[in-house]
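Everything below concerns the one structure shown next.
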Amino acid sequence: MAAAGSSVVRRVEQLGDLAQAHIQQLSEAAGEDDHFLIRASAALEKLKLLCEDKDCSNPSNLLELYTQAILDMTYFEENKLVDEDFPEDSSQKVKELITFLSEPEILVKENNMNPKPSGCPLSRACVVFQHSALLGDELLECLSWRRGALLYMYCHSLTKRREWLTRKTSLLKEYLVDGISYLLQMLNYRCPTQLNEEVSFQDLDTAKLLSEGIFSDIHLLAMMYSGEMCYWGLKHCAGPQPGDQEVGTGVSGASHTTHKEPLDFREVGEKILKKYVSVCEGPLKEQGWNTTNAKQILNFFQHRSN
């Protein structure tokens with residue numbers, strides 16, 4: 001364990017130096033101070049100091065600092081891409097951001113530093129991650145959410161470009177598959193709360209949400225985003241059957257994503273959007289969540305299956 005921890009410290013220090021240099025380039029190009037870049041740089045400076053103090057270089061703390069810096073740094077770049085509606089040459093930049101956002105998870109998984117958590121059964125509905133103890137479920141969820149949401153926004157922009165779609169449908173399919181895989185991964189990090197006589201809830205609606213594995217608004221957005229991406233996949237990439245494409249291949253080089261199984265756009269989208277509608281019209285009724293688009297997509301899926 002000590003050797004693995006030392007390896008993490010060295011690697012995080014190297015990655016921190018690379019990220020700091022990248023932030024410097026971004027700051028110079030922007031020509032002005034940016035809150036997110038300033039915060040990212042401050043986290044990396046603290047990281048550097050901790051790495052130099054061998055008695056204080058706790059791998060978990062270092063990795064958390066690095067991850068927070070990466071989340072801020074990439075958020076600055078994502079905002080720029082969104083403001084510009086993803087210019088034609090955005091593909092390489094999107095790949096670069098996905099790579100940055102993948103580094104913390106890859107590093108932890110490669111060093112295999114954490115014991116397998118207990119109390120969470122192995123199943124497709126509840127994925128056990130052996131590396132969650134080092135980085136924490138919330139940051140791991142955030143990393144998956146940010147990658148999935150970035151690809152969602154990028155694909156949304158691409159679906160509005162008819163000429164691009166006619167030339168690069170297979171590429172869009174890869175982007176969609178990777179984006180969906182990240183969002184599903186985010187939704188599966190934590191197990192649904194098992195409701196029984198030992199668990200007491202004052203709010204039954206909250207209990208129902210937790211039992212469905214929905215812990216925040218972001219979980220609902222991830223469900224809607226992945227369902228919509230499944231719709232785009234079935235609508236625009238209906239040449240070869242969707243099941244021919246494997247999750248974890250494509251723009252992100254996502255060999256570190258959870259699933260390596262064929263992805264059926266209709267099956268996955270229908271399942272997750274039915275759950276979304278059920279939750280929004282059940283425990284979250286009158287809370288402002290709109291199900292119109294989800295129902296229209298479900299109707300599209302139904303017609304395609306017939």
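Naming works like this for the structure tokens: A, B, ... for the chains as they're shown, residue 1 at the start of each chain, ligands 1 onward in shown order.
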Q.
Report as a list of chain:residue names all protein, DNA and RNA residues lying within 10 Å of Ala19 in chain A, evaluated on only C-alpha atoms, omitting residues in the same chain fewer than 6 positions from it.
A. A:Glu13, A:Gln25, A:Ala40, A:Ser41, A:Leu44, A:Tyr66, A:Ala69, A:Ile70, A:Met73, A:Phe100
Write the residues of the preceding selection, restricted to all heavy atoms, as a CSV table (one decimal), in the first residue's frame.
```
chain,number,residue,atom,x,y,z
A,13,GLU,N,1.9,14.8,-8.7
A,13,GLU,CA,2.8,15.9,-8.8
A,13,GLU,C,3.1,16.2,-10.3
A,13,GLU,O,3.1,17.4,-10.7
A,13,GLU,CB,4.1,15.7,-8.0
A,13,GLU,CG,5.0,16.9,-7.9
A,13,GLU,CD,6.2,16.7,-7.1
A,13,GLU,OE1,6.5,15.5,-6.7
A,13,GLU,OE2,6.8,17.7,-6.7
A,25,GLN,N,-1.1,29.0,-19.9
A,25,GLN,CA,-1.4,29.3,-21.3
A,25,GLN,C,-2.8,29.9,-21.4
A,25,GLN,O,-3.1,30.8,-22.2
A,25,GLN,CB,-1.3,28.0,-22.1
A,25,GLN,CG,0.2,27.5,-22.2
A,25,GLN,CD,0.2,26.2,-22.9
A,25,GLN,OE1,-0.8,25.5,-23.2
A,25,GLN,NE2,1.5,25.8,-23.3
A,40,ALA,N,-8.3,27.1,-9.7
A,40,ALA,CA,-7.5,25.9,-10.1
A,40,ALA,C,-6.1,26.1,-9.8
A,40,ALA,O,-5.4,25.1,-9.3
A,40,ALA,CB,-7.8,25.6,-11.6
A,41,SER,N,-5.5,27.2,-10.2
A,41,SER,CA,-4.1,27.5,-9.9
A,41,SER,C,-3.7,27.4,-8.5
A,41,SER,O,-2.7,26.9,-8.1
A,41,SER,CB,-3.7,28.8,-10.5
A,41,SER,OG,-2.3,29.0,-10.4
A,44,LEU,N,-3.5,23.9,-7.3
A,44,LEU,CA,-2.3,23.2,-7.7
A,44,LEU,C,-1.1,23.7,-7.0
A,44,LEU,O,-0.1,22.9,-6.8
A,44,LEU,CB,-2.1,23.4,-9.2
A,44,LEU,CG,-3.2,22.7,-10.1
A,44,LEU,CD1,-3.0,23.1,-11.6
A,44,LEU,CD2,-3.1,21.2,-9.9
A,66,TYR,N,-6.0,17.8,-6.8
A,66,TYR,CA,-5.8,17.8,-8.3
A,66,TYR,C,-7.1,17.7,-9.0
A,66,TYR,O,-7.3,18.4,-10.0
A,66,TYR,CB,-4.9,16.6,-8.6
A,66,TYR,CG,-4.8,16.3,-10.1
A,66,TYR,CD1,-4.0,17.2,-10.9
A,66,TYR,CD2,-5.4,15.3,-10.8
A,66,TYR,CE1,-3.9,17.0,-12.3
A,66,TYR,CE2,-5.3,15.1,-12.1
A,66,TYR,CZ,-4.6,16.0,-12.9
A,66,TYR,OH,-4.5,15.8,-14.2
A,69,ALA,N,-8.9,21.0,-9.0
A,69,ALA,CA,-8.2,21.9,-10.0
A,69,ALA,C,-8.6,21.6,-11.4
A,69,ALA,O,-8.9,22.5,-12.2
A,69,ALA,CB,-6.7,21.9,-9.8
A,70,ILE,N,-8.7,20.3,-11.8
A,70,ILE,CA,-9.0,19.9,-13.1
A,70,ILE,C,-10.5,20.3,-13.4
A,70,ILE,O,-10.8,20.7,-14.5
A,70,ILE,CB,-8.8,18.4,-13.3
A,70,ILE,CG1,-7.3,18.1,-13.3
A,70,ILE,CG2,-9.5,17.9,-14.5
A,70,ILE,CD1,-6.5,18.8,-14.4
A,73,MET,N,-10.5,24.1,-14.1
A,73,MET,CA,-9.8,24.4,-15.3
A,73,MET,C,-10.6,24.0,-16.5
A,73,MET,O,-10.8,24.8,-17.5
A,73,MET,CB,-8.4,23.7,-15.3
A,73,MET,CG,-7.6,24.0,-16.6
A,73,MET,SD,-6.1,22.9,-16.7
A,73,MET,CE,-6.9,21.4,-17.2
A,100,PHE,N,-8.3,15.1,-19.6
A,100,PHE,CA,-8.0,15.8,-18.3
A,100,PHE,C,-9.0,15.2,-17.3
A,100,PHE,O,-8.6,14.9,-16.2
A,100,PHE,CB,-8.2,17.3,-18.4
A,100,PHE,CG,-6.9,18.0,-18.9
A,100,PHE,CD1,-6.9,18.8,-20.0
A,100,PHE,CD2,-5.8,17.9,-18.1
A,100,PHE,CE1,-5.8,19.5,-20.4
A,100,PHE,CE2,-4.6,18.6,-18.5
A,100,PHE,CZ,-4.6,19.4,-19.6
```
Q: Tell me, as a list of chain:residue names, which residues lie within 6 Å of range 269-276 of chain A, counting only C-alpha atoms; anything in the same chain fewer than 4 positions away does not count.
A: A:Gly227, A:Cys230, A:Phe265
Save out the residues we just selected, all heavy atoms, as an mmCIF file, in the first residue's frame.
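Contents of the output file result_23.cif:
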```cif
data_model
loop_
_atom_site.group_PDB
_atom_site.id
_atom_site.type_symbol
_atom_site.label_atom_id
_atom_site.label_comp_id
_atom_site.auth_asym_id
_atom_site.auth_seq_id
_atom_site.Cartn_x
_atom_site.Cartn_y
_atom_site.Cartn_z
ATOM 1 N N GLY A 227 -31.160 9.798 -22.011
ATOM 2 C CA GLY A 227 -32.311 9.418 -22.822
ATOM 3 C C GLY A 227 -32.367 10.177 -24.130
ATOM 4 O O GLY A 227 -32.675 9.621 -25.192
ATOM 5 N N CYS A 230 -29.772 8.862 -26.488
ATOM 6 C CA CYS A 230 -30.243 7.623 -27.106
ATOM 7 C C CYS A 230 -31.179 7.928 -28.277
ATOM 8 O O CYS A 230 -31.146 7.254 -29.316
ATOM 9 C CB CYS A 230 -30.956 6.753 -26.066
ATOM 10 S SG CYS A 230 -29.862 5.952 -24.872
ATOM 11 N N PHE A 265 -29.551 1.741 -28.270
ATOM 12 C CA PHE A 265 -30.064 3.076 -27.976
ATOM 13 C C PHE A 265 -31.518 3.050 -27.526
ATOM 14 O O PHE A 265 -31.891 3.722 -26.559
ATOM 15 C CB PHE A 265 -29.929 3.981 -29.202
ATOM 16 C CG PHE A 265 -28.522 4.399 -29.512
ATOM 17 C CD1 PHE A 265 -27.974 4.161 -30.764
ATOM 18 C CD2 PHE A 265 -27.736 5.028 -28.562
ATOM 19 C CE1 PHE A 265 -26.680 4.549 -31.067
ATOM 20 C CE2 PHE A 265 -26.438 5.425 -28.842
ATOM 21 C CZ PHE A 265 -25.907 5.179 -30.104
#
```
Q. Could you name the residues that touch range 144-152 of chain A at 8 Å or less, counting only C-alpha atoms, but leaving out those on the same chain fewer than 4 positions away, as number ranges by chain?
A. A: 78, 94, 98, 101, 140, 156, 175-176, 178-183, 185-186, 222, 225-226, 229
Q: Just give me the gap between CA of Ser7 in chain A and CA of Pro104 in chain A in Å, one decimal is fine.
A: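 These atoms are spaced 13.3 Å apart.
Checking A:Leu62, A:Phe301, A:Glu88, A:Leu107 one by one against Trp164 in chain A, counting only C-alpha atoms, you find the shortest gap at A:Glu88.
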